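Chemist: Input: one structure, supplied below.
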Amino acid sequence: MQKFDGRSAVVTGGAQGIGAAVARALVDAGIRVLIGDLDDDEGKRLAESLGEHARYRHLDVTDAKDWRAALEESDEELGPLAILVNNAGIVDFHGVADEWPAQFRHVLDVNLYGPWLGMHSAAPILRRNGGGAIVNISSTAGLTGYSGLGGYVASKWGLRGLTKAAALDFAEDGIRVCSVHPGPIRTPMTAGLGEEIVTSQPIPRFGDPAEVAAMVRFVALEATYSTGSEFVVDGGATAGSVAISKGPNIR
Ligand code: NAP
């Protein structure tokens with residue numbers, strides 16, 4: 001395991017869903033965690049429940065000032081910054097023909113520009129601290145296409161590519177950069193989606209945020225020979241469809 005004891009992490013979009021589970025997993029692993037989000041009430045509640053090694057701060061990932069303040073607070077008050085988890089993300093259920101230009105741009109702003117701004121702002125601090133790990137939460141929508149999700153798919157493929165570019169840029173600084181690609185996970189983001197979307201997966205259920213958090217923890221702390229790499233947590237969805245392979249008339 002990488003020696004990050006007494007050091008700190010920033011987790012964006014950490015008030016609920018996958019980000020909250022990641023914050024919990026990192027605190028359990030001995031890391032001090034600054035949770036950033038737009039949802040201040042939920043974020044403060046979570047930080048209090050995690051104890052003295054967690055704190056909350058408002059962090060809109062599209063805002064450079066917010067990034068500077070959050071990264072400095074984490075580095076100076078919690079412990080030298082070692083980990084950044086770019087988790088904040090939004091979804092917009094519109095296809096290419098139906099999505100408004102402003103909606104498309106907003107999804108790219110939060111899901112792609114946000115992580116870029118985070119890495120851009122954190123790199124000098126991580127470099128000064130002798131290295132670290134950045135984990136970007138992409139999606140299976142960064143590995144394949146989906147209908148009705150044009151902006152989201154574009155943003156998650158973009159983040160997957162940006163991860164590789166950053167891994168190469170930061171290699172000499174000892175900063176590893178990897179992407180994690182969840183499939184359908186039960187969080188507020190997927191509250192409106194029914195079980196039918198998972199029935200043909202090899203593991204035919206929604207994932208739990210803790211199952212993604214376990215992967216993020218592994219990538220951040222233990223995957224010391226991995227950078228620019230993709231880690232999939234999708235119930236086997238990208239392996240193929242079990243329903244089709246079981247079809248009676250298909251040879
Ligand atoms: P979620 O339940 O919607 O939680 C996301 C959190 O991010 C919310 O608290 C949200 O705050 C916050 N947020 C939104 N815009 C932000 C911004 N500009 N700056 C900072 N925080 C912001 O989402 P989730 O399901 O946990 O997803 C987390 C990440 O995993 C996302 O990147 C998502 O694309 C990815 N992912 C999720 C799934 C899934 O099935 N759930 C699958 C693949 C990938 P508000 O609620 O106030 O907007």
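Labels used: A, B, ... for chains in the order of the structure tokens, numbers from 1 for residues in each chain, and numbers from 1 for ligands as shown.
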Please report as JSON lines every residue of range 55-104 of chain A lying within 12 Å of range 157-164 of chain A, along with the nearest atom pair and their distance in Å (one decimal), using only C-alpha atoms.
Modeler:
```
{"residue": "A:Val85", "atom": "CA", "partner": "A:Thr163", "partner_atom": "CA", "distance": 12.0}
{"residue": "A:Asn86", "atom": "CA", "partner": "A:Leu159", "partner_atom": "CA", "distance": 9.9}
{"residue": "A:Asn87", "atom": "CA", "partner": "A:Leu159", "partner_atom": "CA", "distance": 11.1}
{"residue": "A:Gly89", "atom": "CA", "partner": "A:Leu159", "partner_atom": "CA", "distance": 11.1}
```
Chemist: Please produce an output containing all heavy atoms for each residue in the selection, written as an mmCIF file, in the first residue's frame.
Modeler:
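That gives us out_11.cif:
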```
data_model
loop_
_atom_site.group_PDB
_atom_site.id
_atom_site.type_symbol
_atom_site.label_atom_id
_atom_site.label_comp_id
_atom_site.auth_asym_id
_atom_site.auth_seq_id
_atom_site.Cartn_x
_atom_site.Cartn_y
_atom_site.Cartn_z
ATOM 1 N N VAL A 85 -9.873 12.833 -5.935
ATOM 2 C CA VAL A 85 -10.875 11.991 -6.603
ATOM 3 C C VAL A 85 -11.866 12.919 -7.304
ATOM 4 O O VAL A 85 -12.672 13.605 -6.659
ATOM 5 C CB VAL A 85 -11.601 11.061 -5.614
ATOM 6 C CG1 VAL A 85 -12.604 10.176 -6.361
ATOM 7 C CG2 VAL A 85 -10.603 10.193 -4.848
ATOM 8 N N ASN A 86 -11.780 12.972 -8.620
ATOM 9 C CA ASN A 86 -12.692 13.776 -9.428
ATOM 10 C C ASN A 86 -13.960 12.954 -9.672
ATOM 11 O O ASN A 86 -14.051 12.201 -10.648
ATOM 12 C CB ASN A 86 -12.025 14.132 -10.761
ATOM 13 C CG ASN A 86 -11.109 15.327 -10.649
ATOM 14 O OD1 ASN A 86 -11.485 16.366 -10.095
ATOM 15 N ND2 ASN A 86 -9.901 15.198 -11.162
ATOM 16 N N ASN A 87 -14.915 13.111 -8.753
ATOM 17 C CA ASN A 87 -16.128 12.292 -8.792
ATOM 18 C C ASN A 87 -17.363 13.070 -9.225
ATOM 19 O O ASN A 87 -18.275 12.497 -9.808
ATOM 20 C CB ASN A 87 -16.360 11.692 -7.395
ATOM 21 C CG ASN A 87 -17.748 11.113 -7.244
ATOM 22 O OD1 ASN A 87 -18.037 10.023 -7.720
ATOM 23 N ND2 ASN A 87 -18.653 11.863 -6.592
ATOM 24 N N GLY A 89 -20.290 14.768 -10.932
ATOM 25 C CA GLY A 89 -20.749 14.622 -12.310
ATOM 26 C C GLY A 89 -22.256 14.791 -12.383
ATOM 27 O O GLY A 89 -22.963 14.654 -11.386
#
```
Chemist: Could you build a table of the residues in chain A lying no more than 7 Å from ligand 1, giving for each the nearest pair of atoms and their separation in Å rounded to one decimal place, using only C-alpha atoms and all ligand atoms, ordered by chain and ascending residue number, as a tab-separated table?
Modeler:
```
residue	atom	partner	partner_atom_place_in_ligand_line	distance
A:Thr12	CA	ligand 1	20 (C)	5.7
A:Gly13	CA	ligand 1	7 (O)	3.4
A:Gly14	CA	ligand 1	6 (C)	6.1
A:Ala15	CA	ligand 1	9 (O)	4.9
A:Gln16	CA	ligand 1	9 (O)	5.1
A:Gly17	CA	ligand 1	26 (O)	3.5
A:Ile18	CA	ligand 1	26 (O)	3.8
A:Gly19	CA	ligand 1	26 (O)	5.6
A:Gly36	CA	ligand 1	20 (C)	6.4
A:Asp37	CA	ligand 1	21 (N)	3.9
A:Leu38	CA	ligand 1	47 (O)	4.7
A:Asp39	CA	ligand 1	47 (O)	4.3
A:Leu59	CA	ligand 1	20 (C)	5.4
A:Asp60	CA	ligand 1	19 (N)	3.5
A:Val61	CA	ligand 1	19 (N)	4.1
A:Thr62	CA	ligand 1	18 (N)	5.6
A:Asn87	CA	ligand 1	32 (O)	4.7
A:Ala88	CA	ligand 1	7 (O)	4.1
A:Gly89	CA	ligand 1	32 (O)	3.5
A:Ile90	CA	ligand 1	14 (C)	5.6
A:Val91	CA	ligand 1	34 (O)	6.4
A:Val110	CA	ligand 1	18 (N)	5.1
A:Asn111	CA	ligand 1	32 (O)	6.5
A:Ile137	CA	ligand 1	32 (O)	5.4
A:Ser138	CA	ligand 1	44 (C)	5.7
A:Ser139	CA	ligand 1	44 (C)	4.0
A:Thr140	CA	ligand 1	43 (C)	6.2
A:His181	CA	ligand 1	43 (C)	6.2
A:Pro182	CA	ligand 1	43 (C)	4.2
A:Gly183	CA	ligand 1	42 (C)	4.8
A:Pro184	CA	ligand 1	40 (O)	3.6
A:Ile185	CA	ligand 1	40 (O)	3.7
A:Arg186	CA	ligand 1	41 (N)	5.8
A:Thr187	CA	ligand 1	2 (O)	4.6
A:Pro188	CA	ligand 1	2 (O)	4.0
A:Met189	CA	ligand 1	3 (O)	3.9
A:Thr190	CA	ligand 1	41 (N)	5.4
```
Chemist: Between A:Leu78, A:Leu108, A:Phe4, A:Leu71, which residue has the minimum interatomic distance to Val33 in chain A, considering only C-alpha atoms?
Modeler: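 Residue with the minimum atom-to-atom distance to Val33 in chain A: A:Leu78.
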Chemist: Which residue, A:Ala237, A:Leu149, A:Ile203, A:Ala220, has the smallest gap to Asp98 in chain A when you use only C-alpha atoms?
Modeler: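 Closest to Asp98 in chain A, using only C-alpha atoms: A:Leu149.
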Chemist: Quick one: DSSP helix (DSSP H, G or I) residues in range 6-36 of chain A, as a ChimeraX atom specification?
Modeler: /A:17-28
Chemist: Generate a file of the selected residues that holds N, CA, C and O atoms, formatted as an mmCIF file, in the first residue's frame.
Modeler:
```cif
data_model
loop_
_atom_site.group_PDB
_atom_site.id
_atom_site.type_symbol
_atom_site.label_atom_id
_atom_site.label_comp_id
_atom_site.auth_asym_id
_atom_site.auth_seq_id
_atom_site.Cartn_x
_atom_site.Cartn_y
_atom_site.Cartn_z
ATOM 1 N N GLY A 17 -24.148 9.670 -2.722
ATOM 2 C CA GLY A 17 -23.872 8.716 -3.788
ATOM 3 C C GLY A 17 -22.471 8.125 -3.722
ATOM 4 O O GLY A 17 -21.942 7.841 -2.643
ATOM 5 N N ILE A 18 -21.848 7.964 -4.886
ATOM 6 C CA ILE A 18 -20.530 7.323 -4.966
ATOM 7 C C ILE A 18 -19.483 8.132 -4.201
ATOM 8 O O ILE A 18 -18.640 7.579 -3.488
ATOM 9 N N GLY A 19 -19.534 9.460 -4.331
ATOM 10 C CA GLY A 19 -18.539 10.299 -3.659
ATOM 11 C C GLY A 19 -18.571 10.134 -2.150
ATOM 12 O O GLY A 19 -17.518 10.096 -1.493
ATOM 13 N N ALA A 20 -19.756 10.023 -1.578
ATOM 14 C CA ALA A 20 -19.874 9.839 -0.125
ATOM 15 C C ALA A 20 -19.256 8.503 0.283
ATOM 16 O O ALA A 20 -18.561 8.410 1.302
ATOM 17 N N ALA A 21 -19.493 7.472 -0.509
ATOM 18 C CA ALA A 21 -18.916 6.152 -0.201
ATOM 19 C C ALA A 21 -17.390 6.194 -0.325
ATOM 20 O O ALA A 21 -16.677 5.564 0.460
ATOM 21 N N VAL A 22 -16.887 6.947 -1.297
ATOM 22 C CA VAL A 22 -15.435 7.084 -1.464
ATOM 23 C C VAL A 22 -14.843 7.809 -0.245
ATOM 24 O O VAL A 22 -13.816 7.392 0.298
ATOM 25 N N ALA A 23 -15.491 8.887 0.171
ATOM 26 C CA ALA A 23 -15.007 9.624 1.345
ATOM 27 C C ALA A 23 -14.930 8.691 2.556
ATOM 28 O O ALA A 23 -13.925 8.669 3.282
ATOM 29 N N ARG A 24 -15.976 7.901 2.744
ATOM 30 C CA ARG A 24 -16.014 6.970 3.890
ATOM 31 C C ARG A 24 -14.877 5.956 3.786
ATOM 32 O O ARG A 24 -14.162 5.686 4.767
ATOM 33 N N ALA A 25 -14.671 5.389 2.597
ATOM 34 C CA ALA A 25 -13.633 4.360 2.418
ATOM 35 C C ALA A 25 -12.237 4.926 2.665
ATOM 36 O O ALA A 25 -11.378 4.262 3.249
ATOM 37 N N LEU A 26 -12.002 6.171 2.240
ATOM 38 C CA LEU A 26 -10.673 6.759 2.434
ATOM 39 C C LEU A 26 -10.440 7.102 3.902
ATOM 40 O O LEU A 26 -9.343 6.891 4.428
ATOM 41 N N VAL A 27 -11.471 7.620 4.581
ATOM 42 C CA VAL A 27 -11.331 7.886 6.021
ATOM 43 C C VAL A 27 -11.029 6.577 6.746
ATOM 44 O O VAL A 27 -10.124 6.507 7.595
ATOM 45 N N ASP A 28 -11.729 5.507 6.379
ATOM 46 C CA ASP A 28 -11.484 4.195 7.014
ATOM 47 C C ASP A 28 -10.052 3.724 6.782
ATOM 48 O O ASP A 28 -9.512 2.956 7.571
#
```
Chemist: Would you list, as a count of residues only, the residues of range 126-234 of chain A that end up in strand (DSSP E or B) under DSSP run on this structure's backbone?
Modeler: 20
Chemist: Would you mind telling me which residue in A:Gln201, A:Asn129, A:Asn136, A:Ser49 lies nearest to Met215 in chain A when using only C-alpha atoms?
Modeler: A:Asn136
Chemist: If we count only C-alpha atoms and set the cut-off at 8 Å, which residues sit around Gly228 in chain A, ignoring sequence neighbours fewer than 3 positions away in its own chain? Please answer as an MDAnalysis selection string.
Modeler: chainID A and resid 163:168 176:179
